[in-house]
file start_12.txt (compact mmCIF, C-alpha atoms (C1' of nucleotides))
# COMPACT_ATOMS: atom_id res chain seq x y z
CA MET A 27 -19.42 -62.58 -32.82
CA PHE A 28 -19.36 -59.78 -35.35
CA SER A 29 -17.16 -59.16 -38.36
CA ILE A 30 -15.63 -55.71 -38.76
CA GLY A 31 -18.24 -54.92 -41.41
CA GLN A 32 -21.14 -55.80 -39.11
CA LEU A 33 -19.61 -53.66 -36.38
CA SER A 34 -19.30 -50.85 -38.87
CA LYS A 35 -22.96 -51.08 -39.88
CA GLN A 36 -24.21 -51.16 -36.32
CA THR A 37 -22.20 -48.17 -35.14
CA GLY A 38 -21.90 -46.09 -38.27
CA VAL A 39 -18.11 -46.06 -37.96
CA LYS A 40 -16.32 -46.84 -41.22
CA VAL A 41 -14.31 -50.04 -41.52
CA PRO A 42 -10.92 -48.36 -42.09
CA THR A 43 -11.62 -46.12 -39.12
CA ILE A 44 -12.20 -49.15 -36.90
CA ARG A 45 -8.88 -50.57 -38.03
CA TYR A 46 -7.32 -47.19 -37.33
CA TYR A 47 -8.73 -47.26 -33.79
CA GLU A 48 -7.09 -50.63 -33.30
CA GLN A 49 -3.81 -49.27 -34.58
CA VAL A 50 -3.81 -46.46 -32.04
CA GLY A 51 -4.81 -48.82 -29.24
CA LEU A 52 -8.40 -47.65 -28.70
CA LEU A 53 -10.26 -50.79 -29.70
CA VAL A 54 -8.81 -54.27 -29.82
CA SER A 55 -10.78 -57.09 -31.46
CA ALA A 56 -11.89 -60.03 -29.33
CA GLY A 57 -9.80 -62.28 -31.56
CA ARG A 58 -9.18 -63.44 -35.11
CA THR A 59 -10.52 -66.26 -37.26
CA GLU A 60 -8.17 -68.91 -38.60
CA GLY A 61 -8.01 -66.81 -41.74
CA ASN A 62 -6.89 -63.75 -39.73
CA GLN A 63 -10.14 -61.80 -39.89
CA ARG A 64 -11.16 -59.71 -36.86
CA ARG A 65 -14.09 -60.86 -34.74
CA TYR A 66 -15.78 -58.72 -32.09
CA ASP A 67 -18.12 -59.45 -29.19
CA THR A 68 -20.75 -57.19 -27.58
CA ASP A 69 -18.05 -55.63 -25.43
CA GLY A 70 -16.35 -54.39 -28.56
CA LEU A 71 -19.64 -53.11 -29.91
CA GLU A 72 -20.29 -51.09 -26.76
CA ARG A 73 -16.77 -49.80 -26.68
CA LEU A 74 -17.01 -48.58 -30.24
CA GLY A 75 -20.33 -46.92 -29.43
CA PHE A 76 -18.63 -45.08 -26.60
CA ILE A 77 -15.77 -43.99 -28.86
CA ARG A 78 -18.15 -42.84 -31.56
CA HIS A 79 -20.22 -40.80 -29.16
CA ALA A 80 -17.18 -39.18 -27.59
CA ARG A 81 -15.71 -38.37 -31.02
CA ASP A 82 -19.02 -36.82 -32.06
CA LEU A 83 -18.72 -34.59 -29.01
CA GLY A 84 -15.28 -33.56 -30.18
CA PHE A 85 -13.16 -35.42 -27.65
CA SER A 86 -9.68 -36.19 -28.93
CA ILE A 87 -8.41 -39.74 -29.28
CA GLU A 88 -6.08 -38.96 -26.41
CA ALA A 89 -8.94 -37.87 -24.16
CA ILE A 90 -10.97 -40.94 -25.11
CA THR A 91 -8.04 -43.20 -24.29
CA ALA A 92 -7.93 -41.62 -20.82
CA LEU A 93 -11.68 -42.05 -20.37
CA ILE A 94 -11.59 -45.71 -21.38
CA ASP A 95 -8.67 -46.27 -19.06
CA LEU A 96 -10.81 -44.82 -16.30
CA GLN A 97 -13.73 -47.07 -17.18
CA GLN A 98 -11.52 -50.06 -16.73
CA HIS A 99 -10.52 -49.05 -13.22
CA PRO A 100 -13.91 -48.61 -11.54
CA ASP A 101 -12.23 -47.91 -8.21
CA ARG A 102 -10.55 -44.75 -9.45
CA SER A 103 -12.04 -41.36 -8.79
CA CYS A 104 -14.63 -39.92 -11.08
CA GLN A 105 -12.97 -36.53 -10.82
CA GLU A 106 -10.64 -37.18 -13.69
CA ALA A 107 -13.50 -37.89 -16.10
CA THR A 108 -15.27 -34.73 -15.00
CA GLN A 109 -12.09 -32.77 -15.57
CA ILE A 110 -11.72 -34.11 -19.09
CA ALA A 111 -15.32 -33.22 -19.88
CA GLN A 112 -14.94 -29.75 -18.37
CA HIS A 113 -11.82 -29.18 -20.42
CA GLN A 114 -13.69 -30.19 -23.53
CA LEU A 115 -16.49 -27.80 -22.63
CA THR A 116 -14.06 -24.90 -22.18
CA ASP A 117 -12.56 -25.74 -25.53
CA VAL A 118 -15.94 -25.77 -27.26
CA ARG A 119 -16.88 -22.45 -25.69
CA GLU A 120 -13.67 -20.84 -26.89
CA LYS A 121 -14.32 -22.06 -30.40
CA LEU A 122 -17.88 -20.77 -30.20
CA LEU A 123 -16.74 -17.27 -29.27
CA ARG A 124 -14.22 -17.25 -32.05
CA LEU A 125 -16.70 -18.48 -34.62
CA LYS A 126 -19.28 -15.91 -33.59
CA ALA A 127 -16.74 -13.14 -34.17
CA LEU A 128 -15.90 -14.62 -37.55
CA GLU A 129 -19.53 -14.80 -38.50
CA THR A 130 -20.06 -11.12 -37.74
CA GLU A 131 -17.02 -10.20 -39.78
CA LEU A 132 -17.97 -12.42 -42.69
CA VAL A 133 -21.52 -11.10 -42.81
CA ARG A 134 -20.10 -7.61 -43.07
CA ILE A 135 -17.68 -8.61 -45.79
CA ALA A 136 -19.96 -10.84 -47.83
CA ASP A 137 -22.96 -8.55 -47.63
CA GLY A 138 -20.96 -5.43 -48.42
CA CYS A 139 -20.69 -6.54 -52.01
CA ASP A 140 -23.56 -7.14 -54.36
CA GLY A 141 -21.46 -9.24 -56.70
CA GLU A 142 -21.79 -6.77 -59.52
CA GLY A 143 -18.91 -4.82 -60.94
CA ASN A 144 -15.36 -5.98 -61.41
CA SER A 145 -12.90 -7.31 -58.91
CA ASP A 146 -10.80 -4.16 -58.82
CA GLU A 147 -13.53 -2.45 -56.84
CA CYS A 148 -14.70 -5.53 -54.90
CA TYR A 149 -15.49 -4.94 -51.26
CA VAL A 150 -14.70 -8.53 -50.36
CA LEU A 151 -11.18 -8.25 -51.67
CA ALA A 152 -10.68 -4.80 -50.19
CA SER A 153 -11.85 -5.99 -46.79
CA LEU A 154 -9.49 -8.91 -46.83
CA ALA A 155 -6.60 -6.73 -47.89
CA ASP A 156 -7.16 -4.20 -45.16
CA HIS A 157 -7.68 -5.30 -41.61
CA GLN A 158 -8.56 -1.67 -40.71
CA HIS A 159 -12.03 -2.31 -42.07
CA CYS A 160 -12.72 -4.81 -39.32
CA ARG A 161 -14.78 -3.86 -36.34
CA GLY A 162 -13.76 -6.56 -33.93
CA GLU A 163 -10.75 -8.68 -33.17
CA HIS A 164 -9.78 -11.95 -34.74
CA MET B 4 13.52 -4.81 -49.33
CA PHE B 5 12.70 -7.08 -46.41
CA SER B 6 14.23 -10.34 -45.27
CA ILE B 7 11.88 -13.19 -44.42
CA GLY B 8 12.41 -12.46 -40.73
CA GLN B 9 11.39 -8.82 -41.08
CA LEU B 10 8.33 -9.86 -43.03
CA SER B 11 7.51 -12.31 -40.28
CA LYS B 12 7.77 -9.65 -37.57
CA GLN B 13 5.63 -7.18 -39.45
CA THR B 14 2.82 -9.59 -40.21
CA GLY B 15 2.97 -11.99 -37.29
CA VAL B 16 3.29 -14.95 -39.66
CA LYS B 17 6.04 -17.36 -38.67
CA VAL B 18 9.07 -17.78 -40.90
CA PRO B 19 8.50 -21.48 -41.74
CA THR B 20 4.89 -20.64 -42.55
CA ILE B 21 5.99 -18.00 -45.04
CA ARG B 22 8.26 -20.55 -46.70
CA TYR B 23 5.35 -22.96 -46.72
CA TYR B 24 3.18 -20.36 -48.47
CA GLU B 25 5.85 -20.08 -51.12
CA GLN B 26 5.93 -23.83 -51.53
CA VAL B 27 2.22 -23.98 -52.21
CA GLY B 28 2.40 -21.02 -54.57
CA LEU B 29 0.65 -18.43 -52.44
CA LEU B 30 3.47 -15.98 -51.95
CA VAL B 31 6.57 -15.72 -54.11
CA SER B 32 9.48 -13.58 -52.97
CA ALA B 33 10.49 -10.58 -55.08
CA GLY B 34 13.88 -12.22 -55.60
CA ARG B 35 16.91 -13.66 -53.88
CA THR B 36 20.24 -12.27 -52.73
CA GLU B 37 23.47 -13.60 -54.21
CA GLY B 38 23.62 -15.87 -51.19
CA ASN B 39 20.15 -17.26 -52.01
CA GLN B 40 18.21 -15.52 -49.29
CA ARG B 41 14.65 -14.34 -49.99
CA ARG B 42 13.95 -10.63 -50.31
CA TYR B 43 10.47 -9.10 -50.35
CA ASP B 44 9.09 -5.71 -51.38
CA THR B 45 5.98 -3.90 -50.12
CA ASP B 46 3.87 -5.89 -52.56
CA GLY B 47 4.89 -9.07 -50.76
CA LEU B 48 4.17 -7.47 -47.42
CA GLU B 49 0.66 -6.52 -48.49
CA ARG B 50 0.06 -9.90 -50.02
CA LEU B 51 1.07 -11.67 -46.83
CA GLY B 52 -1.20 -9.35 -44.85
CA PHE B 53 -4.07 -10.37 -47.10
CA ILE B 54 -3.27 -14.04 -46.65
CA ARG B 55 -2.97 -13.70 -42.90
CA HIS B 56 -6.28 -11.90 -42.63
CA ALA B 57 -8.07 -14.42 -44.81
CA ARG B 58 -6.57 -17.36 -42.87
CA ASP B 59 -7.69 -15.75 -39.61
CA LEU B 60 -11.19 -15.69 -41.05
CA GLY B 61 -10.88 -19.41 -41.77
CA PHE B 62 -10.53 -19.31 -45.55
CA SER B 63 -8.70 -22.35 -46.91
CA ILE B 64 -5.44 -22.01 -48.81
CA GLU B 65 -7.38 -23.06 -51.89
CA ALA B 66 -9.94 -20.30 -51.44
CA ILE B 67 -7.21 -17.74 -50.84
CA THR B 68 -5.42 -18.85 -54.00
CA ALA B 69 -8.64 -18.21 -55.91
CA LEU B 70 -9.08 -14.79 -54.29
CA ILE B 71 -5.53 -13.73 -55.09
CA ASP B 72 -5.98 -14.94 -58.63
CA LEU B 73 -9.02 -12.70 -58.83
CA GLN B 74 -7.13 -9.73 -57.45
CA GLN B 75 -4.64 -10.08 -60.24
CA HIS B 76 -7.31 -9.92 -62.90
CA PRO B 77 -9.10 -6.66 -62.03
CA ASP B 78 -11.30 -6.98 -65.09
CA ARG B 79 -12.91 -10.20 -63.88
CA SER B 80 -16.24 -10.15 -62.14
CA CYS B 81 -16.48 -9.59 -58.46
CA GLN B 82 -19.15 -12.25 -58.19
CA GLU B 83 -16.65 -15.03 -57.69
CA ALA B 84 -15.12 -13.35 -54.65
CA THR B 85 -18.56 -12.81 -53.15
CA GLN B 86 -19.37 -16.45 -53.74
CA ILE B 87 -16.24 -17.61 -51.96
CA ALA B 88 -17.01 -15.35 -49.01
CA GLN B 89 -20.63 -16.53 -48.89
CA HIS B 90 -19.49 -20.12 -48.95
CA GLN B 91 -17.16 -19.42 -46.06
CA LEU B 92 -20.01 -17.78 -44.17
CA THR B 93 -22.27 -20.79 -44.68
CA ASP B 94 -19.49 -23.00 -43.46
CA VAL B 95 -18.95 -20.94 -40.33
CA ARG B 96 -22.67 -20.93 -39.59
CA GLU B 97 -22.86 -24.70 -39.88
CA LYS B 98 -19.97 -25.08 -37.49
CA LEU B 99 -21.63 -22.65 -35.11
CA LEU B 100 -24.84 -24.66 -35.01
CA ARG B 101 -22.96 -27.84 -34.42
CA LEU B 102 -20.84 -26.35 -31.66
CA LYS B 103 -23.88 -24.91 -29.90
CA ALA B 104 -25.46 -28.37 -29.81
CA LEU B 105 -22.24 -29.80 -28.45
CA GLU B 106 -22.06 -27.15 -25.79
CA THR B 107 -25.55 -27.96 -24.54
CA GLU B 108 -24.72 -31.63 -24.43
CA LEU B 109 -21.40 -31.12 -22.69
CA VAL B 110 -22.92 -28.85 -20.06
CA ARG B 111 -25.43 -31.56 -19.29
CA ILE B 112 -22.72 -34.20 -19.09
CA ALA B 113 -20.09 -32.23 -17.22
CA ASP B 114 -22.49 -30.68 -14.73
CA GLY B 115 -24.31 -33.94 -14.06
CA CYS B 116 -21.35 -35.19 -12.09
CA ASP B 117 -19.91 -33.56 -8.99
CA GLY B 118 -16.59 -35.34 -9.36
CA GLU B 119 -17.06 -37.27 -6.17
CA GLY B 120 -17.44 -41.01 -5.97
CA ASN B 121 -15.70 -43.57 -8.15
CA SER B 122 -15.69 -43.98 -11.86
CA ASP B 123 -18.01 -46.99 -11.86
CA GLU B 124 -20.87 -44.65 -11.06
CA CYS B 125 -19.64 -41.64 -13.01
CA TYR B 126 -22.30 -39.76 -14.92
CA VAL B 127 -19.78 -38.52 -17.48
CA LEU B 128 -18.76 -42.03 -18.43
CA ALA B 129 -22.34 -43.29 -18.38
CA SER B 130 -23.46 -40.46 -20.65
CA LEU B 131 -20.74 -41.16 -23.13
CA ALA B 132 -21.49 -44.85 -23.12
CA ASP B 133 -25.18 -44.36 -23.74
CA HIS B 134 -26.37 -42.05 -26.45
CA GLN B 135 -29.93 -42.50 -25.13
CA HIS B 136 -29.14 -39.94 -22.44
CA CYS B 137 -28.77 -37.22 -25.02
CA ARG B 138 -31.51 -34.72 -25.64
CA GLY B 139 -30.53 -33.45 -29.04
CA GLU B 140 -28.84 -34.75 -32.14
CA HIS B 141 -25.18 -34.83 -32.90
C1' DC C 20 37.83 -10.33 -39.84
C1' DT C 21 35.19 -12.69 -36.64
C1' DT C 22 31.08 -14.12 -34.51
C1' DG C 23 26.53 -15.60 -34.15
C1' DA C 24 21.81 -14.64 -35.42
C1' DA C 25 19.33 -15.52 -39.16
C1' DG C 26 18.95 -17.66 -43.34
C1' DC C 27 18.86 -22.00 -46.48
C1' DT C 28 17.05 -27.01 -47.97
C1' DC C 29 15.30 -31.30 -46.92
C1' DT C 30 12.86 -34.77 -44.36
C1' DA C 31 9.58 -36.17 -41.15
C1' DG C 32 5.82 -35.46 -37.77
C1' DT C 33 1.11 -33.71 -36.21
C1' DG C 34 -4.36 -35.53 -35.86
C1' DA C 35 -7.77 -38.31 -37.40
C1' DC C 36 -8.64 -40.30 -40.69
C1' DT C 37 -9.17 -41.70 -46.13
C1' DA C 38 -7.76 -43.97 -50.53
C1' DG C 39 -5.74 -47.39 -53.19
C1' DA C 40 -3.01 -51.48 -54.52
C1' DG C 41 -2.64 -56.11 -54.41
C1' DG C 42 -3.60 -60.21 -52.26
C1' DT C 43 -6.67 -63.65 -49.13
C1' DT C 44 -10.93 -65.49 -46.79
C1' DG C 45 -15.77 -66.36 -45.80
C1' DT C 46 -20.14 -67.72 -47.33
C1' DA C 47 -24.25 -68.20 -50.23
C1' DG C 48 -26.07 -70.41 -54.10
C1' DA C 49 -25.70 -74.13 -57.83
C1' DT D 13 -18.37 -79.82 -53.23
C1' DC D 14 -17.40 -76.21 -56.12
C1' DT D 15 -17.43 -71.49 -57.53
C1' DA D 16 -18.05 -66.67 -57.52
C1' DC D 17 -17.50 -62.55 -55.33
C1' DA D 18 -18.23 -59.55 -51.45
C1' DA D 19 -15.75 -58.69 -47.70
C1' DC D 20 -11.64 -59.09 -45.49
C1' DC D 21 -6.36 -58.48 -44.88
C1' DT D 22 -1.78 -55.49 -44.80
C1' DC D 23 0.87 -51.81 -46.33
C1' DT D 24 1.89 -47.40 -48.18
C1' DA D 25 0.76 -42.85 -49.18
C1' DG D 26 -2.25 -38.79 -49.18
C1' DT D 27 -5.15 -35.11 -46.81
C1' DC D 28 -4.65 -29.95 -44.46
C1' DA D 29 -1.91 -26.36 -42.73
C1' DC D 30 1.51 -26.15 -40.69
C1' DT D 31 5.69 -27.33 -37.18
C1' DA D 32 10.21 -29.32 -35.77
C1' DG D 33 14.76 -30.57 -36.47
C1' DA D 34 19.25 -31.61 -38.74
C1' DG D 35 22.97 -29.88 -40.96
C1' DC D 36 24.64 -26.43 -43.61
C1' DT D 37 25.50 -21.29 -45.44
C1' DT D 38 25.07 -16.21 -45.39
C1' DC D 39 24.54 -11.62 -43.60
C1' DA D 40 25.67 -7.78 -40.81
C1' DA D 41 27.31 -5.64 -36.53
C1' DG D 42 31.34 -4.79 -33.83
call {"tool": "encode", "arguments": {"input": "start_12.txt", "output": "structure tokens"}}
result
Amino acid sequence: MFSIGQLSKQTGVKVPTIRYYEQVGLLVSAGRTEGNQRRYDTDGLERLGFIRHARDLGFSIEAITALIDLQQHPDRSCQEATQIAQHQLTDVREKLLRLKALETELVRIADGCDGEGNSDECYVLASLADHQHCRGEH
Amino acid sequence: MFSIGQLSKQTGVKVPTIRYYEQVGLLVSAGRTEGNQRRYDTDGLERLGFIRHARDLGFSIEAITALIDLQQHPDRSCQEATQIAQHQLTDVREKLLRLKALETELVRIADGCDGEGNSDECYVLASLADHQHCRGEH
DNA sequence: CTTGAAGCTCTAGTGACTAGAGGTTGTAGA
DNA sequence: TCTACAACCTCTAGTCACTAGAGCTTCAAG
């Protein structure tokens, strides 16, 4: 049996975050001591590892809830899990495209100015004021 | 003189968002009508355009406040603006790296499973449960 | 002068935590 | 067995950048 602090150390998830996960129904403790402190078993440890990993990959709490639900019904089709992962992948790819465009634009803006001179002739400020300067879309 | 709705149409920024910008001190209206409705001049229009553009590029409200502050003191050095833009660029590049790693990982996970079979043998779920499967860091 | 779209303020909700107050429990050492 | 204190508990409120809704008032076209 682990205390919430031990669980935290082993998974790298902060104590208040673990309590938050309980609050939203993601991770329930195995039980409580007489003094009302949470105790977890290895099941809880694994579950939190799963949550942590999925969060690191950017899955939302909602998506993780669905995935855990799926885990607990081993007879249900795997398709749903694949769909969730695919959706996440699409999402990440969209963000990537967007960020790449931003990077290009920011390089242009930030490098256009040497930092000398006063702000009334600053290229950074001028670029932000006038979208015309931009090459791409955003 | 523009109403808040006209300003919204011209810039593509939603009406409640414009009011929110006022609340946080980013954009003050030129004045009010007798009936207490906001009225803006071309200055406000340009200012909102600036804000919109900077937000699209991912600058925080705080950073934009600093940039606008700089605009209003044309005698101050341009260096500060360049610094803010450089910081934003660094930030975007970090996010890019992270997202690229996630993409790789998600491709591996999502493509490893054909969606057939049941969830007790699902590669997506197994991968999420076990970080060992991962090739890179995240 | 009427109608209704557009405006107003205020409060609360979003997601995924994080911070702090103020009180209680578990456990190691004396 | 006692004591000290780290770790635990609950609850509320704050973060960021909006968004939604209630309930009311004003503006402008016909």
call {"tool": "atom_distance", "arguments": {"input": "start_12.txt", "atom1": "atom CA of B:Phe53", "atom2": "atom CA of A:Asp156"}}
result
7.2 Å
call {"tool": "residues_around", "arguments": {"input": "start_12.txt", "residues": "C:DG34", "least_positions_apart": "6", "cutoff": "12 Å", "atoms": "only C-alpha atoms (C1' of nucleotides)", "output": "number ranges by chain"}}
result
A: 50, 86-88; D: 27-29
call {"tool": "interface_residues", "arguments": {"input": "start_12.txt", "of": "chain B", "to": "chain C", "cutoff": "10 Å", "atoms": "all atoms listed in the file", "output": "PDB file with C-alpha atoms, keeping the file's coordinate frame"}}
result
ATOM      1  CA  SER B   6      14.230 -10.340 -45.270  1.00  0.00           C
ATOM      2  CA  ILE B   7      11.880 -13.190 -44.420  1.00  0.00           C
ATOM      3  CA  GLY B   8      12.410 -12.460 -40.730  1.00  0.00           C
ATOM      4  CA  GLY B  38      23.620 -15.870 -51.190  1.00  0.00           C
ATOM      5  CA  ASN B  39      20.150 -17.260 -52.010  1.00  0.00           C
ATOM      6  CA  GLN B  40      18.210 -15.520 -49.290  1.00  0.00           C
ATOM      7  CA  ARG B  41      14.650 -14.340 -49.990  1.00  0.00           C
TER       8      ARG B  41
END
call {"tool": "atom_distance", "arguments": {"input": "start_12.txt", "atom1": "atom CA of B:Glu124", "atom2": "atom CA of A:Tyr66"}}
result
25.8 Å
call {"tool": "closest_atom_pairs", "arguments": {"input": "start_12.txt", "of": "chain D", "to": "chain B", "cutoff": "12 Å", "atoms": "all atoms listed in the file", "output": "CSV"}}
result
residue,atom,partner,partner_atom,distance
D:DC28,C1',B:Ser63,CA,9.0
D:DA29,C1',B:Ile64,CA,8.3
D:DC30,C1',B:Thr20,CA,6.7
D:DT31,C1',B:Pro19,CA,7.9
D:DA32,C1',B:Pro19,CA,10.0
D:DT37,C1',B:Gly38,CA,8.1
D:DT38,C1',B:Gly38,CA,6.0
D:DC39,C1',B:Gly38,CA,8.7
call {"tool": "interface_residues", "arguments": {"input": "start_12.txt", "of": "chain B", "to": "chain A", "cutoff": "6 Å", "atoms": "only C-alpha atoms", "output": "PyMOL selection string"}}
result
chain B and resi 53+60+77-82+85+88-89+92+105+109+113+118+120-123+125+131-132
call {"tool": "write_last_selection", "arguments": {"input": "start_12.txt", "atoms": "C-alpha atoms", "output": "tab-separated table (two decimals), in the coordinates of the input"}}
result
chain	number	residue	atom	x	y	z
B	53	PHE	CA	-4.07	-10.37	-47.10
B	60	LEU	CA	-11.19	-15.69	-41.05
B	77	PRO	CA	-9.10	-6.66	-62.03
B	78	ASP	CA	-11.30	-6.98	-65.09
B	79	ARG	CA	-12.91	-10.20	-63.88
B	80	SER	CA	-16.24	-10.15	-62.14
B	81	CYS	CA	-16.48	-9.59	-58.46
B	82	GLN	CA	-19.15	-12.25	-58.19
B	85	THR	CA	-18.56	-12.81	-53.15
B	88	ALA	CA	-17.01	-15.35	-49.01
B	89	GLN	CA	-20.63	-16.53	-48.89
B	92	LEU	CA	-20.01	-17.78	-44.17
B	105	LEU	CA	-22.24	-29.80	-28.45
B	109	LEU	CA	-21.40	-31.12	-22.69
B	113	ALA	CA	-20.09	-32.23	-17.22
B	118	GLY	CA	-16.59	-35.34	-9.36
B	120	GLY	CA	-17.44	-41.01	-5.97
B	121	ASN	CA	-15.70	-43.57	-8.15
B	122	SER	CA	-15.69	-43.98	-11.86
B	123	ASP	CA	-18.01	-46.99	-11.86
B	125	CYS	CA	-19.64	-41.64	-13.01
B	131	LEU	CA	-20.74	-41.16	-23.13
B	132	ALA	CA	-21.49	-44.85	-23.12
call {"tool": "atom_distance", "arguments": {"input": "start_12.txt", "atom1": "atom CA of B:Glu25", "atom2": "atom C1' of D:DG35"}}
result
22.2 Å
call {"tool": "closest_residue", "arguments": {"input": "start_12.txt", "among": "A:Arg45, A:Phe28, A:Ser34, A:Asp95", "to": "D:DT22", "atoms": "only C-alpha atoms (C1' of nucleotides)"}}
result
A:Arg45
